[in-house]
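Source file: my_file_8.txt (compact mmCIF, C-alpha atoms and all ligand atoms)
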# COMPACT_ATOMS: atom_id res chain seq x y z
CA MET J 34 22.74 -48.23 10.48
CA ALA J 35 26.43 -47.53 9.99
CA LYS J 36 25.50 -45.03 7.26
CA GLN J 37 23.46 -42.81 9.53
CA PRO J 38 26.27 -40.76 11.11
CA ASP J 39 27.69 -40.14 7.63
CA SER J 40 24.43 -38.94 6.12
CA GLN J 41 23.87 -36.69 9.13
CA HIS J 42 27.36 -35.33 8.59
CA ASP J 43 26.63 -34.71 4.91
CA HIS J 44 23.41 -32.95 5.81
CA ASP J 45 25.21 -30.58 8.21
CA HIS J 46 28.01 -30.08 5.75
CA ASN J 47 25.56 -29.06 2.99
CA HIS J 48 23.91 -26.56 5.31
CA ALA J 49 27.25 -25.05 6.22
CA ARG J 50 28.19 -24.80 2.56
CA GLU J 51 24.91 -23.09 1.69
CA ALA J 52 25.49 -20.49 4.40
CA GLU J 53 29.08 -19.87 3.32
CA CYS J 54 28.28 -19.66 -0.38
CA SER J 55 25.02 -17.71 -0.29
CA ASN J 56 26.54 -14.83 -2.29
CA ASN J 57 28.59 -16.92 -4.66
CA LEU J 58 27.30 -17.61 -8.13
CA VAL J 59 26.18 -21.17 -8.78
CA ARG J 60 25.56 -22.44 -12.30
CA PHE J 61 22.57 -24.58 -13.18
CA SER J 62 21.04 -25.60 -16.48
CA VAL J 63 17.45 -24.96 -17.49
CA ALA J 64 15.39 -26.78 -20.10
CA MET J 65 12.64 -24.89 -21.91
CA PRO J 66 10.82 -25.02 -25.25
CA GLU J 67 12.84 -23.45 -28.07
CA ASP J 68 10.15 -20.87 -28.85
CA LEU J 69 10.14 -19.73 -25.24
CA LEU J 70 13.93 -19.43 -25.25
CA ILE J 71 13.81 -17.32 -28.44
CA SER J 72 11.26 -15.02 -26.83
CA PHE J 73 13.41 -14.86 -23.71
CA ASP J 74 16.52 -13.94 -25.70
CA ASN J 75 14.55 -11.19 -27.45
CA LEU J 76 13.57 -9.89 -24.01
CA VAL J 77 17.22 -9.96 -22.91
CA ALA J 78 18.19 -8.07 -26.08
CA ARG J 79 15.52 -5.42 -25.47
CA ARG J 80 16.91 -4.83 -22.00
CA GLY J 81 20.17 -3.66 -23.51
CA LEU J 82 23.84 -4.50 -23.75
CA ILE J 83 24.62 -4.74 -20.04
CA HIS J 84 22.09 -7.53 -19.59
CA ASN J 85 22.63 -11.19 -20.27
CA ARG J 86 20.45 -14.26 -19.70
CA SER J 87 21.71 -14.80 -16.16
CA GLU J 88 21.11 -11.18 -15.16
CA VAL J 89 17.54 -11.27 -16.50
CA VAL J 90 16.77 -14.63 -14.82
CA ARG J 91 18.04 -13.23 -11.49
CA ASP J 92 15.74 -10.19 -11.88
CA LEU J 93 12.76 -12.44 -12.68
CA VAL J 94 13.42 -14.63 -9.64
CA ARG J 95 13.74 -11.60 -7.35
CA ASN J 96 10.51 -10.14 -8.75
CA ALA J 97 8.71 -13.43 -8.06
CA LEU J 98 10.04 -13.52 -4.49
CA VAL J 99 8.95 -9.93 -3.86
CA ASP J 100 5.51 -10.64 -5.38
CA GLU J 101 5.18 -13.56 -2.98
CA GLU J 102 6.00 -11.36 0.03
CA TRP J 103 3.03 -9.19 -0.97
CA THR J 104 0.66 -12.16 -1.08
CA ASN J 105 1.26 -12.91 2.62
CA PRO J 106 -0.89 -10.36 4.49
CA ASP J 107 1.32 -10.40 7.62
CA ASP J 108 4.69 -10.06 5.86
CA GLU J 109 6.51 -6.76 6.34
CA VAL J 110 6.81 -5.01 2.99
CA VAL J 111 7.94 -1.66 1.62
CA GLY J 112 6.14 0.32 -1.06
CA THR J 113 5.69 3.78 -2.52
CA ILE J 114 2.49 5.48 -3.56
CA THR J 115 2.79 8.09 -6.31
CA MET J 116 -0.24 10.28 -6.90
CA VAL J 117 -1.27 13.47 -8.69
CA TYR J 118 -4.19 15.63 -7.61
CA SER J 119 -5.42 19.20 -7.73
CA HIS J 120 -5.24 20.95 -4.39
CA HIS J 121 -8.24 23.06 -5.51
CA ALA J 122 -10.58 20.04 -5.40
CA SER J 123 -12.89 20.53 -2.46
CA ASN J 124 -11.78 18.85 0.77
CA LEU J 125 -9.31 16.65 -1.12
CA THR J 126 -6.15 17.93 0.59
CA GLU J 127 -7.82 17.58 4.01
CA THR J 128 -9.06 14.06 3.26
CA LEU J 129 -5.66 12.85 2.03
CA ASP J 130 -3.97 14.49 5.02
CA SER J 131 -6.27 12.84 7.55
CA ILE J 132 -5.70 9.39 5.97
CA GLN J 133 -1.95 9.94 6.25
CA HIS J 134 -2.26 10.96 9.91
CA ARG J 135 -4.37 7.88 10.63
CA TYR J 136 -1.60 5.64 9.28
CA TYR J 137 1.44 7.52 10.63
CA ARG J 138 2.93 4.22 11.84
CA GLN J 139 3.18 2.86 8.28
CA ILE J 140 3.91 6.11 6.40
CA ILE J 141 7.61 6.74 6.90
CA SER J 142 8.03 9.70 4.55
CA THR J 143 6.02 11.94 2.23
CA MET J 144 7.37 14.18 -0.52
CA HIS J 145 5.04 16.87 -1.83
CA ILE J 146 5.82 18.73 -5.06
CA HIS J 147 3.75 21.68 -6.33
CA LEU J 148 3.73 20.84 -10.06
CA ASP J 149 2.01 24.05 -11.13
CA SER J 150 -0.59 26.45 -9.75
CA ASP J 151 -3.19 23.63 -9.52
CA ASN J 152 -1.54 20.21 -9.44
CA CYS J 153 0.35 18.44 -6.68
CA LEU J 154 2.53 15.34 -6.93
CA GLU J 155 2.92 13.28 -3.79
CA VAL J 156 5.27 10.35 -3.26
CA ILE J 157 4.60 8.44 -0.06
CA ALA J 158 6.93 5.75 1.31
CA LEU J 159 5.34 3.03 3.42
CA ARG J 160 6.58 0.13 5.50
CA GLY J 161 4.29 -2.33 7.24
CA LYS J 162 2.20 -5.44 6.88
CA ALA J 163 1.24 -6.11 3.26
CA GLU J 164 -2.46 -5.93 4.05
CA ASP J 165 -2.09 -2.56 5.84
CA VAL J 166 -0.09 -1.06 2.96
CA HIS J 167 -2.77 -2.24 0.52
CA ARG J 168 -5.49 -0.74 2.71
CA ILE J 169 -3.72 2.64 2.87
CA SER J 170 -3.07 2.61 -0.88
CA ASP J 171 -6.74 1.81 -1.61
CA ALA J 172 -7.86 4.60 0.72
CA LEU J 173 -5.56 7.25 -0.79
CA LEU J 174 -5.88 6.29 -4.46
CA GLY J 175 -9.62 5.73 -4.12
CA THR J 176 -10.21 9.24 -2.79
CA LYS J 177 -12.42 11.20 -5.17
CA GLY J 178 -10.39 13.81 -7.05
CA VAL J 179 -7.07 11.94 -7.22
CA LYS J 180 -6.23 12.22 -10.94
CA HIS J 181 -3.71 9.40 -11.13
CA GLY J 182 -1.98 7.16 -8.68
CA ARG J 183 -0.03 3.96 -8.40
CA LEU J 184 1.38 1.70 -5.72
CA THR J 185 4.86 0.38 -6.36
CA THR J 186 5.45 -2.83 -4.44
CA THR J 187 8.99 -3.47 -3.31
CA THR J 188 10.75 -5.13 -0.41
CA THR J 189 12.57 -4.52 2.86
CA GLY J 190 15.46 -6.27 1.10
CA LYS J 191 16.06 -8.56 4.08
CA PHE J 192 15.33 -11.76 2.19
CA LEU J 193 16.92 -11.04 -1.18
NI NI F 201 0.95 21.23 -3.78

Serialized structure, structure tokens:
Amino acid sequence: MAKQPDSQHDHDHNHAREAECSNNLVRFSVAMPEDLLISFDNLVARRGLIHNRSEVVRDLVRNALVDEEWTNPDDEVVGTITMVYSHHASNLTETLDSIQHRYYRQIISTMHIHLDSDNCLEVIALRGKAEDVHRISDALLGTKGVKHGRLTTTTTGKFL
């Protein structure tokens, strides 16, 4: 019983320390099979001189956290759609335009580049619920006549 106030104190203290130190670097050790470590070091080497193991592990952890944000349909996410299409394809420009108007709440910016006399490149920035951004991406990239397109999934940055 006498211990209880102390352990409560320790608990609070740990929380305070976490909050204070959230941007400080903390070291920890990781055990993994030797083969996996060799493969990992090869990956680090391929990423170039400015990268080291710690840097690459941090990137992998952030990628995993961002991927998880996208698996929760109600989480607010940020993404970009990049697509190439010919503006001569019948009704294509009108169809893509009407989809973008339908989702004006999620589409925060659109950049349109006339690549040549036929082809257009569009980069669309979106912010919204993960499931809405997926729906918009499927609608745009699934439109007949879009030559190539890709959704890049990133984050609001609030939780990294
Ligand atoms: Ni164009």

List as a count of residues only the protein and nucleic acid residues near region 180-191 of chain J, meaning an atom at most 8 Å away when all atoms listed in the file are counted, but skip any in the same chain fewer than 5 places from it.
17

Could you produce a table of the residues of chain J lying within 10 Å of ligand NI 201 (chain F), with the nearest pair of atoms per residue and their separation in Å rounded to one decimal, using all atoms listed in the file, ordered by chain and increasing residue number, as a tab-separated table?
residue	atom	partner	partner_atom	distance
J:Val117	CA	F:NI201	NI	9.4
J:Tyr118	CA	F:NI201	NI	8.5
J:Ser119	CA	F:NI201	NI	7.8
J:His120	CA	F:NI201	NI	6.2
J:His121	CA	F:NI201	NI	9.5
J:Thr126	CA	F:NI201	NI	9.0
J:His145	CA	F:NI201	NI	6.3
J:Ile146	CA	F:NI201	NI	5.6
J:His147	CA	F:NI201	NI	3.8
J:Leu148	CA	F:NI201	NI	6.9
J:Asp149	CA	F:NI201	NI	7.9
J:Ser150	CA	F:NI201	NI	8.1
J:Asp151	CA	F:NI201	NI	7.5
J:Asn152	CA	F:NI201	NI	6.3
J:Cys153	CA	F:NI201	NI	4.1
J:Leu154	CA	F:NI201	NI	6.9
J:Glu155	CA	F:NI201	NI	8.2

Would you work out the distance separating CA of Leu159 (chain J) from CA of Leu193 (chain J), expressed in Å to one decimal?
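Value for the CA of Leu159 (chain J)-CA of Leu193 (chain J) distance: 18.8 Å.
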
Who sits within 9 Å of Leu129 (chain J), all atoms listed in the file, same chain under 5 positions skipped, as a list of chain:residue names:
J:Asn124, J:His134, J:Ala172, J:Leu173, J:Thr176

Can you measure CA of Val89 (chain J) to CA of Ala64 (chain J) for me? One decimal in Å is fine.
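Result for CA of Val89 (chain J) versus CA of Ala64 (chain J): 16.1 Å, one decimal.
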
With 4 Å of padding per side, what axis-aligned box (centre and edge lengths, Å, one decimal) covers all the listed atoms of region 63-72 of chain J? Give it as JSON.
{"center_x": 13.8, "center_y": -20.9, "center_z": -23.2, "size_x": 15.3, "size_y": 19.8, "size_z": 19.4}

Computed interatomic separation between CA of Arg135 (chain J) and CA of Ile169 (chain J) (Å)
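The value is 9.4 Å.
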
Restricting to all atoms listed in the file, whichever of J:Phe73, J:Phe61, J:Arg168, J:Asp68 is closest to Ile132 (chain J) is J:Arg168

From J:Ile141, J:Ala158, J:Val179, J:Leu70, residue lying nearest Leu125 (chain J) [only C-alpha atoms]:
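Smallest distance to Leu125 (chain J) is found for J:Val179.
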
My list of candidates is J:Asp92, J:Asp165, J:Asp130, J:Glu101. Which is closest to Val77 (chain J) when distances are computed with only C-alpha atoms?
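Under the stated criterion, the closest residue is J:Asp92.
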
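Of the residues under consideration (J:Lys177, J:Ala122, J:Glu127, J:Arg160), J:Arg160 shows the shortest atom-to-atom contact distance to Ile140 (chain J) when counting all atoms listed in the file.
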
So that I can see what lies close to Glu164 (chain J), please list as a count of residues only the residues with an atom at most 9 Å from it, counting only C-alpha atoms and leaving out residues fewer than 2 positions away in the same chain.
12

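All residues of protein, DNA or RNA that reach within 12 Å of Ser62 (chain J), judged by all atoms listed in the file and not counting those fewer than 3 positions away in the chain, are J:Val59, J:Met65, J:Arg86, J:Ser87, J:Val90.
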
Kindly reconstruct region 122-141 of chain J with N, CA and C atoms and present the result as a compact mmCIF listing (two decimals), in the frame of the given file.
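So the final result, stored in rebuild31.txt, reads:
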# COMPACT_ATOMS: atom_id res chain seq x y z
N ALA J 122 -9.39 20.89 -5.57
CA ALA J 122 -10.58 20.04 -5.40
C ALA J 122 -11.05 20.11 -3.95
N SER J 123 -12.37 20.22 -3.80
CA SER J 123 -12.89 20.53 -2.46
C SER J 123 -12.61 19.41 -1.48
N ASN J 124 -12.07 19.77 -0.35
CA ASN J 124 -11.78 18.85 0.77
C ASN J 124 -10.74 17.79 0.47
N LEU J 125 -10.21 17.76 -0.77
CA LEU J 125 -9.31 16.65 -1.12
C LEU J 125 -8.04 16.67 -0.28
N THR J 126 -7.39 17.84 -0.19
CA THR J 126 -6.15 17.93 0.59
C THR J 126 -6.38 17.49 2.03
N GLU J 127 -7.50 17.93 2.61
CA GLU J 127 -7.82 17.58 4.01
C GLU J 127 -8.04 16.08 4.16
N THR J 128 -8.78 15.50 3.19
CA THR J 128 -9.06 14.06 3.26
C THR J 128 -7.77 13.24 3.17
N LEU J 129 -6.91 13.60 2.20
CA LEU J 129 -5.66 12.85 2.03
C LEU J 129 -4.77 13.02 3.26
N ASP J 130 -4.79 14.22 3.84
CA ASP J 130 -3.97 14.49 5.02
C ASP J 130 -4.45 13.68 6.22
N SER J 131 -5.77 13.57 6.37
CA SER J 131 -6.27 12.84 7.55
C SER J 131 -6.02 11.34 7.40
N ILE J 132 -6.05 10.81 6.17
CA ILE J 132 -5.70 9.39 5.97
C ILE J 132 -4.23 9.18 6.36
N GLN J 133 -3.38 10.10 5.95
CA GLN J 133 -1.95 9.94 6.25
C GLN J 133 -1.68 10.03 7.75
N HIS J 134 -2.44 10.90 8.45
CA HIS J 134 -2.26 10.96 9.91
C HIS J 134 -2.75 9.68 10.58
N ARG J 135 -3.83 9.10 10.03
CA ARG J 135 -4.37 7.88 10.63
C ARG J 135 -3.34 6.74 10.54
N TYR J 136 -2.56 6.73 9.49
CA TYR J 136 -1.60 5.64 9.28
C TYR J 136 -0.16 6.12 9.44
N TYR J 137 0.09 6.99 10.45
CA TYR J 137 1.44 7.52 10.63
C TYR J 137 2.45 6.44 10.96
N ARG J 138 1.99 5.30 11.50
CA ARG J 138 2.93 4.22 11.84
C ARG J 138 3.52 3.60 10.58
N GLN J 139 2.71 3.50 9.51
CA GLN J 139 3.18 2.86 8.28
C GLN J 139 3.83 3.86 7.31
N ILE J 140 3.37 5.12 7.36
CA ILE J 140 3.91 6.11 6.40
C ILE J 140 5.19 6.69 6.97
N ILE J 141 6.31 6.36 6.33
CA ILE J 141 7.61 6.74 6.90
C ILE J 141 8.13 8.04 6.29
